[in-house]
Structures are given as structure tokens and as C-alpha cells.
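Visitor: Contents of query_12.pdb (PDB, C-alpha atoms (C1' of nucleotides)):
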```
MODEL        1
ATOM      1  CA  MET A  28     -24.465  38.799 -37.580
ATOM      2  CA  THR A  29     -24.590  35.797 -35.344
ATOM      3  CA  GLN A  30     -23.372  36.564 -31.791
ATOM      4  CA  ASP A  31     -20.411  37.347 -29.594
ATOM      5  CA  SER A  32     -17.949  34.520 -29.401
ATOM      6  CA  PRO A  33     -18.502  32.642 -26.157
ATOM      7  CA  SER A  34     -16.378  33.426 -23.130
ATOM      8  CA  LEU A  35     -13.972  30.921 -21.731
ATOM      9  CA  ALA A  36     -16.301  30.186 -18.849
ATOM     10  CA  GLU A  37     -19.211  29.639 -21.222
ATOM     11  CA  MET A  38     -17.222  27.201 -23.324
ATOM     12  CA  ALA A  39     -16.154  25.243 -20.305
ATOM     13  CA  ASP A  40     -19.711  25.168 -18.978
ATOM     14  CA  ARG A  41     -20.927  23.612 -22.202
ATOM     15  CA  PHE A  42     -18.580  20.714 -21.835
ATOM     16  CA  THR A  43     -19.286  20.385 -18.152
ATOM     17  CA  HIS A  44     -22.996  20.302 -18.921
ATOM     18  CA  ALA A  45     -22.532  17.684 -21.637
ATOM     19  CA  ARG A  46     -20.604  15.530 -19.168
ATOM     20  CA  GLU A  47     -23.373  15.784 -16.583
ATOM     21  CA  VAL A  48     -25.969  14.811 -19.162
ATOM     22  CA  GLN A  49     -23.878  11.850 -20.111
ATOM     23  CA  SER A  50     -23.744  10.553 -16.575
ATOM     24  CA  LYS A  51     -27.538  10.438 -16.494
ATOM     25  CA  ALA A  52     -27.940   8.880 -19.927
ATOM     26  CA  LEU A  53     -27.323   5.326 -18.883
ATOM     27  CA  LEU A  54     -29.836   5.525 -16.060
ATOM     28  CA  GLU A  55     -32.410   6.881 -18.485
ATOM     29  CA  ASP A  56     -31.860   4.011 -20.881
ATOM     30  CA  TYR A  57     -32.219   1.402 -18.177
ATOM     31  CA  VAL A  58     -35.337   2.964 -16.729
ATOM     32  CA  GLU A  59     -37.001   3.190 -20.116
ATOM     33  CA  MET A  60     -36.127  -0.397 -20.913
ATOM     34  CA  ILE A  61     -37.413  -1.685 -17.588
ATOM     35  CA  GLY A  62     -40.664   0.157 -18.234
ATOM     36  CA  ASP A  63     -40.911  -1.439 -21.663
ATOM     37  CA  LEU A  64     -40.297  -4.906 -20.284
ATOM     38  CA  ILE A  65     -42.913  -4.546 -17.575
ATOM     39  CA  ALA A  66     -45.418  -3.289 -20.152
ATOM     40  CA  GLU A  67     -44.649  -6.118 -22.585
ATOM     41  CA  LEU A  68     -43.983  -9.070 -20.333
ATOM     42  CA  GLY A  69     -45.445  -8.082 -16.999
ATOM     43  CA  GLU A  70     -42.034  -8.139 -15.354
ATOM     44  CA  ALA A  71     -38.446  -7.084 -15.890
ATOM     45  CA  ARG A  72     -35.867  -9.793 -15.302
ATOM     46  CA  VAL A  73     -32.187  -9.066 -15.106
ATOM     47  CA  ALA A  74     -31.468 -11.467 -17.933
ATOM     48  CA  ASP A  75     -33.872  -9.691 -20.275
ATOM     49  CA  ILE A  76     -32.559  -6.284 -19.331
ATOM     50  CA  ALA A  77     -28.986  -7.382 -19.955
ATOM     51  CA  ALA A  78     -29.859  -8.959 -23.293
ATOM     52  CA  ARG A  79     -31.638  -5.878 -24.572
ATOM     53  CA  MET A  80     -28.937  -3.520 -23.371
ATOM     54  CA  GLY A  81     -26.293  -5.696 -24.984
ATOM     55  CA  VAL A  82     -24.304  -6.148 -21.781
ATOM     56  CA  ALA A  83     -23.349  -9.066 -19.546
ATOM     57  CA  GLN A  84     -25.693  -9.923 -16.713
ATOM     58  CA  PRO A  85     -23.469  -8.715 -13.897
ATOM     59  CA  THR A  86     -23.164  -5.382 -15.665
ATOM     60  CA  ALA A  87     -26.936  -5.072 -15.651
ATOM     61  CA  THR A  88     -27.088  -6.055 -11.992
ATOM     62  CA  LYS A  89     -24.610  -3.345 -11.147
ATOM     63  CA  ALA A  90     -26.555  -0.752 -13.112
ATOM     64  CA  ILE A  91     -29.741  -1.792 -11.341
ATOM     65  CA  SER A  92     -28.162  -1.218  -7.970
ATOM     66  CA  ARG A  93     -27.291   2.282  -9.147
ATOM     67  CA  LEU A  94     -30.947   2.769 -10.094
ATOM     68  CA  LYS A  95     -31.964   1.657  -6.628
ATOM     69  CA  ARG A  96     -29.455   3.975  -5.036
ATOM     70  CA  GLU A  97     -30.931   6.851  -7.072
ATOM     71  CA  GLY A  98     -34.451   5.971  -6.002
ATOM     72  CA  LEU A  99     -35.611   5.025  -9.486
ATOM     73  CA  ALA A 100     -36.149   1.291  -9.032
ATOM     74  CA  THR A 101     -36.579  -1.420  -6.447
ATOM     75  CA  SER A 102     -35.823  -5.128  -6.506
ATOM     76  CA  ARG A 103     -35.598  -8.079  -4.182
ATOM     77  CA  PRO A 104     -32.798 -10.599  -4.682
ATOM     78  CA  TYR A 105     -33.533 -13.176  -7.345
ATOM     79  CA  ARG A 106     -36.792 -11.402  -8.160
ATOM     80  CA  GLY A 107     -37.651  -8.965 -10.899
ATOM     81  CA  VAL A 108     -36.973  -5.255 -11.026
ATOM     82  CA  PHE A 109     -39.673  -2.634 -10.461
ATOM     83  CA  LEU A 110     -39.831   1.097 -11.048
ATOM     84  CA  THR A 111     -40.617   3.594  -8.306
ATOM     85  CA  ASP A 112     -43.020   6.420  -9.117
ATOM     86  CA  ALA A 113     -40.024   8.588  -9.925
ATOM     87  CA  GLY A 114     -38.628   5.850 -12.154
ATOM     88  CA  ALA A 115     -41.908   5.380 -14.002
ATOM     89  CA  ALA A 116     -42.234   9.122 -14.536
ATOM     90  CA  LEU A 117     -38.707   9.291 -15.904
ATOM     91  CA  ALA A 118     -39.384   6.337 -18.183
ATOM     92  CA  ASP A 119     -42.426   8.081 -19.641
ATOM     93  CA  LYS A 120     -40.521  11.267 -20.222
ATOM     94  CA  VAL A 121     -37.613   9.470 -21.860
ATOM     95  CA  ARG A 122     -39.879   7.431 -24.088
ATOM     96  CA  ALA A 123     -41.765  10.488 -25.275
ATOM     97  CA  ARG A 124     -38.554  12.374 -25.953
ATOM     98  CA  HIS A 125     -37.168   9.436 -27.896
ATOM     99  CA  ARG A 126     -40.225   9.366 -30.137
ATOM    100  CA  THR A 127     -40.024  13.072 -30.754
ATOM    101  CA  VAL A 128     -36.342  12.917 -31.655
ATOM    102  CA  VAL A 129     -36.923  10.080 -34.107
ATOM    103  CA  ALA A 130     -39.848  11.952 -35.630
ATOM    104  CA  LEU A 131     -37.795  15.110 -36.037
ATOM    105  CA  LEU A 132     -34.911  13.288 -37.653
ATOM    106  CA  MET A 133     -37.270  11.631 -40.097
ATOM    107  CA  ALA A 134     -38.981  14.950 -40.761
ATOM    108  CA  VAL A 135     -35.711  16.448 -41.963
ATOM    109  CA  GLY A 136     -35.013  13.458 -44.185
ATOM    110  CA  VAL A 137     -33.151  10.889 -42.134
ATOM    111  CA  PRO A 138     -34.178   7.294 -42.972
ATOM    112  CA  GLU A 139     -36.005   5.501 -40.162
ATOM    113  CA  GLU A 140     -33.277   2.945 -39.476
ATOM    114  CA  VAL A 141     -30.629   5.637 -39.159
ATOM    115  CA  ALA A 142     -32.947   7.855 -37.140
ATOM    116  CA  GLU A 143     -33.491   5.110 -34.591
ATOM    117  CA  GLN A 144     -29.803   4.435 -34.337
ATOM    118  CA  ASP A 145     -28.735   8.054 -33.942
ATOM    119  CA  ALA A 146     -31.632   8.945 -31.653
ATOM    120  CA  GLU A 147     -30.372   6.451 -29.112
ATOM    121  CA  GLY A 148     -27.390   8.682 -28.453
ATOM    122  CA  ILE A 149     -28.833  12.070 -29.366
ATOM    123  CA  GLU A 150     -31.927  12.012 -27.187
ATOM    124  CA  HIS A 151     -30.096  12.392 -23.916
ATOM    125  CA  HIS A 152     -28.661  15.716 -25.016
ATOM    126  CA  VAL A 153     -31.926  17.252 -26.160
ATOM    127  CA  SER A 154     -32.938  19.846 -23.578
ATOM    128  CA  ASP A 155     -36.524  20.677 -22.710
ATOM    129  CA  ARG A 156     -36.301  23.828 -24.737
ATOM    130  CA  SER A 157     -35.050  22.026 -27.828
ATOM    131  CA  LEU A 158     -37.687  19.383 -27.334
ATOM    132  CA  ALA A 159     -40.380  22.033 -27.266
ATOM    133  CA  ALA A 160     -38.999  23.492 -30.487
ATOM    134  CA  PHE A 161     -39.039  20.047 -32.085
ATOM    135  CA  GLU A 162     -42.659  19.490 -31.137
ATOM    136  CA  ASN A 163     -43.613  22.852 -32.472
ATOM    137  CA  PHE A 164     -41.770  22.239 -35.716
ATOM    138  CA  LEU A 165     -43.459  18.880 -36.171
ATOM    139  CA  ARG A 166     -46.873  20.470 -35.867
TER     140      ARG A 166
ATOM    141  CA  MET B  16     -47.365   1.653 -41.179
ATOM    142  CA  THR B  17     -44.009   2.249 -39.618
ATOM    143  CA  GLN B  18     -41.886  -0.919 -39.481
ATOM    144  CA  ASP B  19     -41.321  -4.248 -37.775
ATOM    145  CA  SER B  20     -40.375  -3.923 -34.141
ATOM    146  CA  PRO B  21     -36.632  -4.323 -33.818
ATOM    147  CA  SER B  22     -35.136  -7.665 -32.914
ATOM    148  CA  LEU B  23     -33.374  -8.174 -29.639
ATOM    149  CA  ALA B  24     -30.012  -8.138 -31.377
ATOM    150  CA  GLU B  25     -30.856  -4.908 -33.143
ATOM    151  CA  MET B  26     -31.829  -3.209 -29.897
ATOM    152  CA  ALA B  27     -28.655  -4.319 -28.203
ATOM    153  CA  ASP B  28     -26.591  -3.161 -31.165
ATOM    154  CA  ARG B  29     -28.037   0.311 -30.917
ATOM    155  CA  PHE B  30     -26.897   0.673 -27.352
ATOM    156  CA  THR B  31     -23.544  -0.887 -28.112
ATOM    157  CA  HIS B  32     -23.102   1.554 -30.960
ATOM    158  CA  ALA B  33     -24.073   4.522 -28.782
ATOM    159  CA  ARG B  34     -21.492   3.417 -26.217
ATOM    160  CA  GLU B  35     -18.776   3.214 -28.852
ATOM    161  CA  VAL B  36     -19.629   6.667 -30.120
ATOM    162  CA  GLN B  37     -19.469   7.987 -26.595
ATOM    163  CA  SER B  38     -15.991   6.655 -26.070
ATOM    164  CA  LYS B  39     -14.806   8.654 -29.065
ATOM    165  CA  ALA B  40     -16.637  11.850 -28.167
ATOM    166  CA  LEU B  41     -14.110  13.147 -25.717
ATOM    167  CA  LEU B  42     -11.240  12.654 -28.124
ATOM    168  CA  GLU B  43     -13.183  14.550 -30.761
ATOM    169  CA  ASP B  44     -13.748  17.462 -28.424
ATOM    170  CA  TYR B  45     -10.104  17.680 -27.493
ATOM    171  CA  VAL B  46      -8.902  17.460 -31.063
ATOM    172  CA  GLU B  47     -11.264  20.197 -32.191
ATOM    173  CA  MET B  48     -10.247  22.431 -29.326
ATOM    174  CA  ILE B  49      -6.555  21.936 -29.975
ATOM    175  CA  GLY B  50      -7.156  22.857 -33.589
ATOM    176  CA  ASP B  51      -9.002  25.994 -32.518
ATOM    177  CA  LEU B  52      -6.223  27.026 -30.161
ATOM    178  CA  ILE B  53      -3.539  26.572 -32.778
ATOM    179  CA  ALA B  54      -5.584  28.600 -35.227
ATOM    180  CA  GLU B  55      -6.235  31.378 -32.722
ATOM    181  CA  LEU B  56      -3.058  31.549 -30.716
ATOM    182  CA  GLY B  57      -0.514  29.741 -32.842
ATOM    183  CA  GLU B  58      -0.097  27.041 -30.225
ATOM    184  CA  ALA B  59      -2.082  24.828 -27.869
ATOM    185  CA  ARG B  60      -0.854  24.817 -24.291
ATOM    186  CA  VAL B  61      -2.084  22.302 -21.767
ATOM    187  CA  ALA B  62      -3.285  25.042 -19.447
ATOM    188  CA  ASP B  63      -5.449  26.600 -22.166
ATOM    189  CA  ILE B  64      -6.868  23.267 -23.193
ATOM    190  CA  ALA B  65      -7.779  22.465 -19.608
ATOM    191  CA  ALA B  66      -9.387  25.862 -19.054
ATOM    192  CA  ARG B  67     -11.534  25.622 -22.165
ATOM    193  CA  MET B  68     -12.583  22.060 -21.469
ATOM    194  CA  GLY B  69     -13.526  23.030 -17.938
ATOM    195  CA  VAL B  70     -11.267  20.423 -16.440
ATOM    196  CA  ALA B  71      -8.293  20.329 -14.078
ATOM    197  CA  GLN B  72      -4.970  20.549 -15.777
ATOM    198  CA  PRO B  73      -3.792  16.987 -14.986
ATOM    199  CA  THR B  74      -7.024  15.712 -16.487
ATOM    200  CA  ALA B  75      -6.127  17.454 -19.733
ATOM    201  CA  THR B  76      -2.621  16.021 -19.628
ATOM    202  CA  LYS B  77      -4.048  12.548 -19.285
ATOM    203  CA  ALA B  78      -6.447  13.100 -22.157
ATOM    204  CA  ILE B  79      -3.611  14.339 -24.329
ATOM    205  CA  SER B  80      -1.638  11.194 -23.697
ATOM    206  CA  ARG B  81      -4.667   9.269 -24.903
ATOM    207  CA  LEU B  82      -4.700  11.391 -28.046
ATOM    208  CA  LYS B  83      -1.051  10.576 -28.585
ATOM    209  CA  ARG B  84      -1.686   6.900 -28.052
ATOM    210  CA  GLU B  85      -4.434   7.068 -30.687
ATOM    211  CA  GLY B  86      -2.148   8.800 -33.159
ATOM    212  CA  LEU B  87      -4.118  12.048 -33.198
ATOM    213  CA  ALA B  88      -1.611  14.368 -31.547
ATOM    214  CA  THR B  89       2.005  14.761 -30.599
ATOM    215  CA  SER B  90       3.713  16.753 -27.881
ATOM    216  CA  ARG B  91       7.075  17.202 -26.289
ATOM    217  CA  PRO B  92       7.250  17.717 -22.522
ATOM    218  CA  TYR B  93       6.731  21.326 -21.446
ATOM    219  CA  ARG B  94       6.041  22.233 -25.061
ATOM    220  CA  GLY B  95       2.717  22.712 -26.750
ATOM    221  CA  VAL B  96       0.461  20.064 -28.251
ATOM    222  CA  PHE B  97       0.260  19.483 -32.005
ATOM    223  CA  LEU B  98      -2.137  17.591 -34.221
ATOM    224  CA  THR B  99      -1.057  14.833 -36.564
ATOM    225  CA  ASP B 100      -2.527  14.770 -40.060
ATOM    226  CA  ALA B 101      -5.152  12.370 -38.792
ATOM    227  CA  GLY B 102      -5.860  14.664 -35.867
ATOM    228  CA  ALA B 103      -6.187  17.737 -38.059
ATOM    229  CA  ALA B 104      -8.513  15.904 -40.426
ATOM    230  CA  LEU B 105     -10.664  14.778 -37.524
ATOM    231  CA  ALA B 106     -10.741  18.313 -36.139
ATOM    232  CA  ASP B 107     -11.994  19.655 -39.457
ATOM    233  CA  LYS B 108     -14.666  17.033 -39.698
ATOM    234  CA  VAL B 109     -15.829  17.611 -36.145
ATOM    235  CA  ARG B 110     -15.918  21.371 -36.576
ATOM    236  CA  ALA B 111     -17.972  21.139 -39.755
ATOM    237  CA  ARG B 112     -20.383  18.711 -38.174
ATOM    238  CA  HIS B 113     -20.792  20.956 -35.162
ATOM    239  CA  ARG B 114     -21.705  23.892 -37.360
ATOM    240  CA  THR B 115     -24.217  21.840 -39.294
ATOM    241  CA  VAL B 116     -25.868  20.547 -36.144
ATOM    242  CA  VAL B 117     -26.209  24.039 -34.709
ATOM    243  CA  ALA B 118     -27.602  25.285 -38.000
ATOM    244  CA  LEU B 119     -30.141  22.491 -38.144
ATOM    245  CA  LEU B 120     -31.295  23.050 -34.588
ATOM    246  CA  MET B 121     -31.763  26.737 -35.291
ATOM    247  CA  ALA B 122     -33.551  25.949 -38.536
ATOM    248  CA  VAL B 123     -36.195  24.002 -36.639
ATOM    249  CA  GLY B 124     -36.631  26.793 -34.124
ATOM    250  CA  VAL B 125     -34.136  26.243 -31.323
ATOM    251  CA  PRO B 126     -32.649  29.496 -29.975
ATOM    252  CA  GLU B 127     -28.951  29.943 -30.690
ATOM    253  CA  GLU B 128     -27.799  29.710 -27.073
ATOM    254  CA  VAL B 129     -29.669  26.469 -26.531
ATOM    255  CA  ALA B 130     -28.575  25.125 -29.896
ATOM    256  CA  GLU B 131     -24.926  25.647 -29.017
ATOM    257  CA  GLN B 132     -25.389  23.977 -25.655
ATOM    258  CA  ASP B 133     -27.258  20.944 -26.932
ATOM    259  CA  ALA B 134     -25.091  20.554 -30.030
ATOM    260  CA  GLU B 135     -22.083  19.959 -27.830
ATOM    261  CA  GLY B 136     -23.542  16.646 -26.773
ATOM    262  CA  ILE B 137     -25.641  15.814 -29.805
ATOM    263  CA  GLU B 138     -23.007  16.202 -32.506
ATOM    264  CA  HIS B 139     -21.070  13.106 -31.589
ATOM    265  CA  HIS B 140     -24.076  10.926 -32.231
ATOM    266  CA  VAL B 141     -24.919  12.342 -35.654
ATOM    267  CA  SER B 142     -23.922   9.742 -38.230
ATOM    268  CA  ASP B 143     -22.651  10.597 -41.701
ATOM    269  CA  ARG B 144     -26.002   9.677 -43.141
ATOM    270  CA  SER B 145     -27.900  11.956 -40.783
ATOM    271  CA  LEU B 146     -25.388  14.701 -41.426
ATOM    272  CA  ALA B 147     -25.971  14.406 -45.157
ATOM    273  CA  ALA B 148     -29.714  14.644 -44.560
ATOM    274  CA  PHE B 149     -29.197  17.757 -42.423
ATOM    275  CA  GLU B 150     -27.137  19.449 -45.123
ATOM    276  CA  ASN B 151     -29.712  18.611 -47.695
ATOM    277  CA  PHE B 152     -32.507  19.930 -45.526
ATOM    278  CA  LEU B 153     -30.658  23.173 -44.906
ATOM    279  CA  ARG B 154     -30.326  23.799 -48.619
TER     280      ARG B 154
ATOM    281  C1'  DA C  12     -38.270 -34.828  -3.011
ATOM    282  C1'  DA C  13     -34.013 -34.689  -5.506
ATOM    283  C1'  DT C  14     -31.398 -33.121  -8.952
ATOM    284  C1'  DG C  15     -29.888 -30.701 -12.782
ATOM    285  C1'  DA C  16     -30.479 -26.415 -15.393
ATOM    286  C1'  DA C  17     -31.092 -21.593 -15.464
ATOM    287  C1'  DA C  18     -31.002 -17.128 -13.334
ATOM    288  C1'  DT C  19     -28.909 -14.011 -10.153
ATOM    289  C1'  DT C  20     -25.399 -12.326  -7.405
ATOM    290  C1'  DG C  21     -20.672 -11.461  -5.807
ATOM    291  C1'  DA C  22     -15.704 -10.998  -6.256
ATOM    292  C1'  DG C  23     -12.211  -9.116  -8.596
ATOM    293  C1'  DC C  24     -10.211  -7.224 -12.810
ATOM    294  C1'  DC C  25      -9.644  -3.320 -16.349
ATOM    295  C1'  DA C  26      -9.829   1.357 -18.753
ATOM    296  C1'  DA C  27     -11.647   5.967 -18.913
ATOM    297  C1'  DG C  28     -12.133  10.270 -17.001
ATOM    298  C1'  DG C  29     -12.506  13.064 -13.092
ATOM    299  C1'  DC C  30      -9.852  15.091  -8.807
ATOM    300  C1'  DT C  31      -5.877  17.046  -5.385
ATOM    301  C1'  DA C  32      -1.317  17.430  -3.902
ATOM    302  C1'  DT C  33       3.405  17.476  -5.095
ATOM    303  C1'  DA C  34       7.563  17.582  -7.879
ATOM    304  C1'  DA C  35      10.010  19.256 -11.681
ATOM    305  C1'  DA C  36      11.008  22.022 -15.591
ATOM    306  C1'  DA C  37      10.901  26.385 -18.138
ATOM    307  C1'  DC C  38      10.379  31.144 -18.078
ATOM    308  C1'  DC C  39      11.124  35.936 -16.610
ATOM    309  C1'  DT C  40      13.178  39.563 -14.268
ATOM    310  C1'  DT C  41      16.104  41.562 -11.755
TER     311       DT C  41
ATOM    312  C1'  DA D   1      23.210  34.107 -13.183
ATOM    313  C1'  DA D   2      19.881  33.491  -9.371
ATOM    314  C1'  DG D   3      15.611  33.254  -7.743
ATOM    315  C1'  DG D   4      10.753  33.367  -7.918
ATOM    316  C1'  DT D   5       6.627  32.475 -10.750
ATOM    317  C1'  DT D   6       4.219  29.893 -13.906
ATOM    318  C1'  DT D   7       3.501  25.787 -16.424
ATOM    319  C1'  DT D   8       3.704  20.753 -16.935
ATOM    320  C1'  DA D   9       4.078  16.360 -15.291
ATOM    321  C1'  DT D  10       3.605  12.560 -11.865
ATOM    322  C1'  DA D  11       1.531  10.062  -8.188
ATOM    323  C1'  DG D  12      -2.275   8.412  -6.084
ATOM    324  C1'  DC D  13      -7.179   8.308  -5.291
ATOM    325  C1'  DC D  14     -12.272   7.947  -6.684
ATOM    326  C1'  DT D  15     -16.444   6.575  -9.548
ATOM    327  C1'  DT D  16     -18.526   4.612 -13.537
ATOM    328  C1'  DG D  17     -19.330   1.071 -16.566
ATOM    329  C1'  DG D  18     -17.582  -2.680 -18.873
ATOM    330  C1'  DC D  19     -15.827  -7.802 -18.351
ATOM    331  C1'  DT D  20     -15.082 -13.014 -16.545
ATOM    332  C1'  DC D  21     -15.376 -16.592 -13.316
ATOM    333  C1'  DA D  22     -17.360 -18.684  -9.407
ATOM    334  C1'  DA D  23     -20.950 -19.237  -5.881
ATOM    335  C1'  DT D  24     -25.604 -19.164  -4.860
ATOM    336  C1'  DT D  25     -30.503 -19.395  -5.309
ATOM    337  C1'  DT D  26     -34.570 -20.586  -7.736
ATOM    338  C1'  DC D  27     -37.122 -23.305 -10.912
ATOM    339  C1'  DA D  28     -38.604 -27.350 -13.422
ATOM    340  C1'  DT D  29     -38.689 -32.146 -14.186
ATOM    341  C1'  DT D  30     -38.497 -36.556 -13.194
TER     342       DT D  30
ENDMDL
END
```
How does this structure look as C-alpha cells?

Guide:
Amino acid sequence: MTQDSPSLAEMADRFTHAREVQSKALLEDYVEMIGDLIAELGEARVADIAARMGVAQPTATKAISRLKREGLATSRPYRGVFLTDAGAALADKVRARHRTVVALLMAVGVPEEVAEQDAEGIEHHVSDRSLAAFENFLR
Amino acid sequence: MTQDSPSLAEMADRFTHAREVQSKALLEDYVEMIGDLIAELGEARVADIAARMGVAQPTATKAISRLKREGLATSRPYRGVFLTDAGAALADKVRARHRTVVALLMAVGVPEEVAEQDAEGIEHHVSDRSLAAFENFLR
DNA sequence: AATGAAATTGAGCCAAGGCTATAAAACCTT
DNA sequence: AAGGTTTTATAGCCTTGGCTCAATTTCATT
């Protein structure tokens, strides 16, 4: 048989957890993208960040100030955006997880295009334990 | 080799798409839960919905009015909440997808507890095409 | 060096999704 | 049938994450 049906508190916790994950997802995306831009172009400009995220420039500016508040990035007015050590570490982790999720999806038969698309949303909800299982499965 | 690197527009579209999916996720969760409650208890009361979602009761009320606005549910004041045909169909689809996602995670080695937890967030981002691939893989 | 273009920021708006506190309706139970 | 308890609803507030429009700063070009 499978398992006891979850208690009320357990059900609620699952949703609460999913909501918490969601609130971090956007920060993760921005940090990863800023890392990419610095690697590719040597700097991360607000305009480039906004274009790649598919949002208006002021939206990107606002997100960047959240990153700064969280200690993930720094920036000086009218200059580029930079990652703190914490930000760079997060970017690496997010990038690696993204690759693993795409690889797993493809390994179970999802076409690359679709895998990339779905991974963008899925990755944030993949816990460390699931990620470890994915890596093991891929080996 | 893998593929061309995605164009700027394609990258932006992925994020835009993930945002759209996210905006529907909460509605999906509520609809599924209301369906569960009706199946289990014969009715879906606001208090039960709130408790299971892990949310204050006025928050659930507000979400339900969104469901009504979207044509997924109906309710009369101080009475229970009911699903429209569209709502019931969505609930079925969401429930089936949830089960498939959990099954896939377990099939690649994720422990059941973790699979249930992660699936709660992941499921909303699994497209029809990925879902079909999952079902195929599980067979 | 001045000026026009481009990039960035700031102000102010909106909807979603949380919350608490309070009012109102429905329900039991005597 | 009255009164107290429970359930729902309403009001009002907060944060996040979008947007537009306008002001500012920087950059590039003449």
C-alpha cells in the first residue's frame, strides 16, 4: 500500500512551503540572469536584464533593489549590477539545478524545447533531495 | 550537439510563460481542494478550505470570489462552495496531473514524502506535452 | 563643449494574495 | 423563541510584482 493519508496540518504545510518557494523564485531567476550577463558581456545592465526577463525596465530596477535588500547584489546608480558572494553562489546553484532539471526531463522523453520551457517554472520547486535523486538517476 | 542558444525573445517568453502559469496555480489548487472536499464530505465549507490551504479564512473567501469571477465555482452567502462544470473538469485534470507527477518523481528515486511536497509546486508547470512524456515513461 | 539620444530612476497606478479585527448571519440548545 | 457559539463576510492594511509616464543622468557625436 502507499501511505497514510496526510493530516490536515501536513496538507496545509505543503501549500505553505510551495508559497515560500515561490517568493524566492523570482530572486533566483534574476540572480542567475545577472550572472549570465556578467559572464557573457562583462557587465549586467538594467536594460539587458529587463529585456531578457521580458519585463519593463522599471520592473527590473525594482527587482534589483529587492536583490540588494536581500544581500544578493550591489549596484551604484546609473551603473551596472554586480553579485555579492552570496549572490554568485546562489547563481551557480540555480544554474546547476536548471541543467539537471532539463536533463532529467529529456531523459524521460520530453523534447528539448518543452523541457527548457517547463524547467523554467519547475526548477524552483525541486528540493535538494529531489535534485540528488535526479542526479543519481541520470548516472 | 545540443541546439542554438535561445534568442532574446525566446528567453523572455519563457519567463513570461512561467509567470502566467504561476498566476493560474493558486486557482488550480483551490479548485482541486474544493473537489476533494465535496467528494469526501459532501460539501466544501470556507472554513475547511482555509484550513487545508493553510490560510486565514478571509484569504480563502477572497480566493473563492476570484474562482467565481473566473467561472470555476459558485456559492451563496453562508452556504458551501460548488464547482461549475468548468471547475470540476479543471479539478479532475489537476488531480490526475498531480498523481502523475508524484509517480514520476518516485519512479526516478524520490522518496514519497519528498515527492508529495515537491509535486505541489512542480505540477503547475508541467505542460501537456511533458505530462504525456511522463505517462509514456511510466508505462 | 553642447546637444540630442539612450539608459536609469522615480512616482504613482493596479491586481493578487496574504493578514487582523469586526460585523453579521446561521446554527444549536436549552 | 432566545441566546450563545460558530461560521462567513467585510473592511482595511501590507508586500510583491507588474505597468506607464515623466524626470534625470550618462553617453556619444558633432

Visitor: Please determine the contact residues of chain A with respect to chain B at a cut-off of 7 Å, counting all atoms listed in the file, and supply them as a PyMOL selection string.

Guide: chain A and resi 35+38-43+45+78-81+135-137+144-145+147-149+152-154+157+160-161+164

Visitor: Within 12 Å of DG28 of chain C, counting all atoms listed in the file, which residues qualify if same-chain residues fewer than 4 places away don't, as an NGL selection string?

Guide: (:A and (46 or 50)) or (:B and (38 or 41-42 or 70-71 or 73-79 or 81)) or (:D and (14-17))

Visitor: Return the padded bounding box of segment 136-139 of chain B as JSON: axis-aligned, built from all atoms listed in the file, 8 Å added on each side, with centre and edge lengths in Å to one decimal.

Guide:
```
{"center_x": -23.4, "center_y": 14.9, "center_z": -29.6, "size_x": 20.6, "size_y": 19.5, "size_z": 21.7}
```

Visitor: Distance cut-off 10 Å, counting only C-alpha atoms (C1' of nucleotides) - which residues of chain A neighbour chain C? Return them as a VMD selection string.

Guide: chain A and resid 72 to 74 84 to 85 88 to 89 104 to 106

Visitor: What residues in chain D have any atom no more than 12 Å from chain B when counting all atoms listed in the file, and can you write them as a PyMOL selection string?

Guide: chain D and resi 6-11+17-18

Visitor: Please write as a PyMOL selection string the full residue list that the PyMOL selection byres ((chain B and resi 109) around 10) yields on this file.

Guide: chain B and resi 40+43-44+46-47+103-108+110-115+138-139
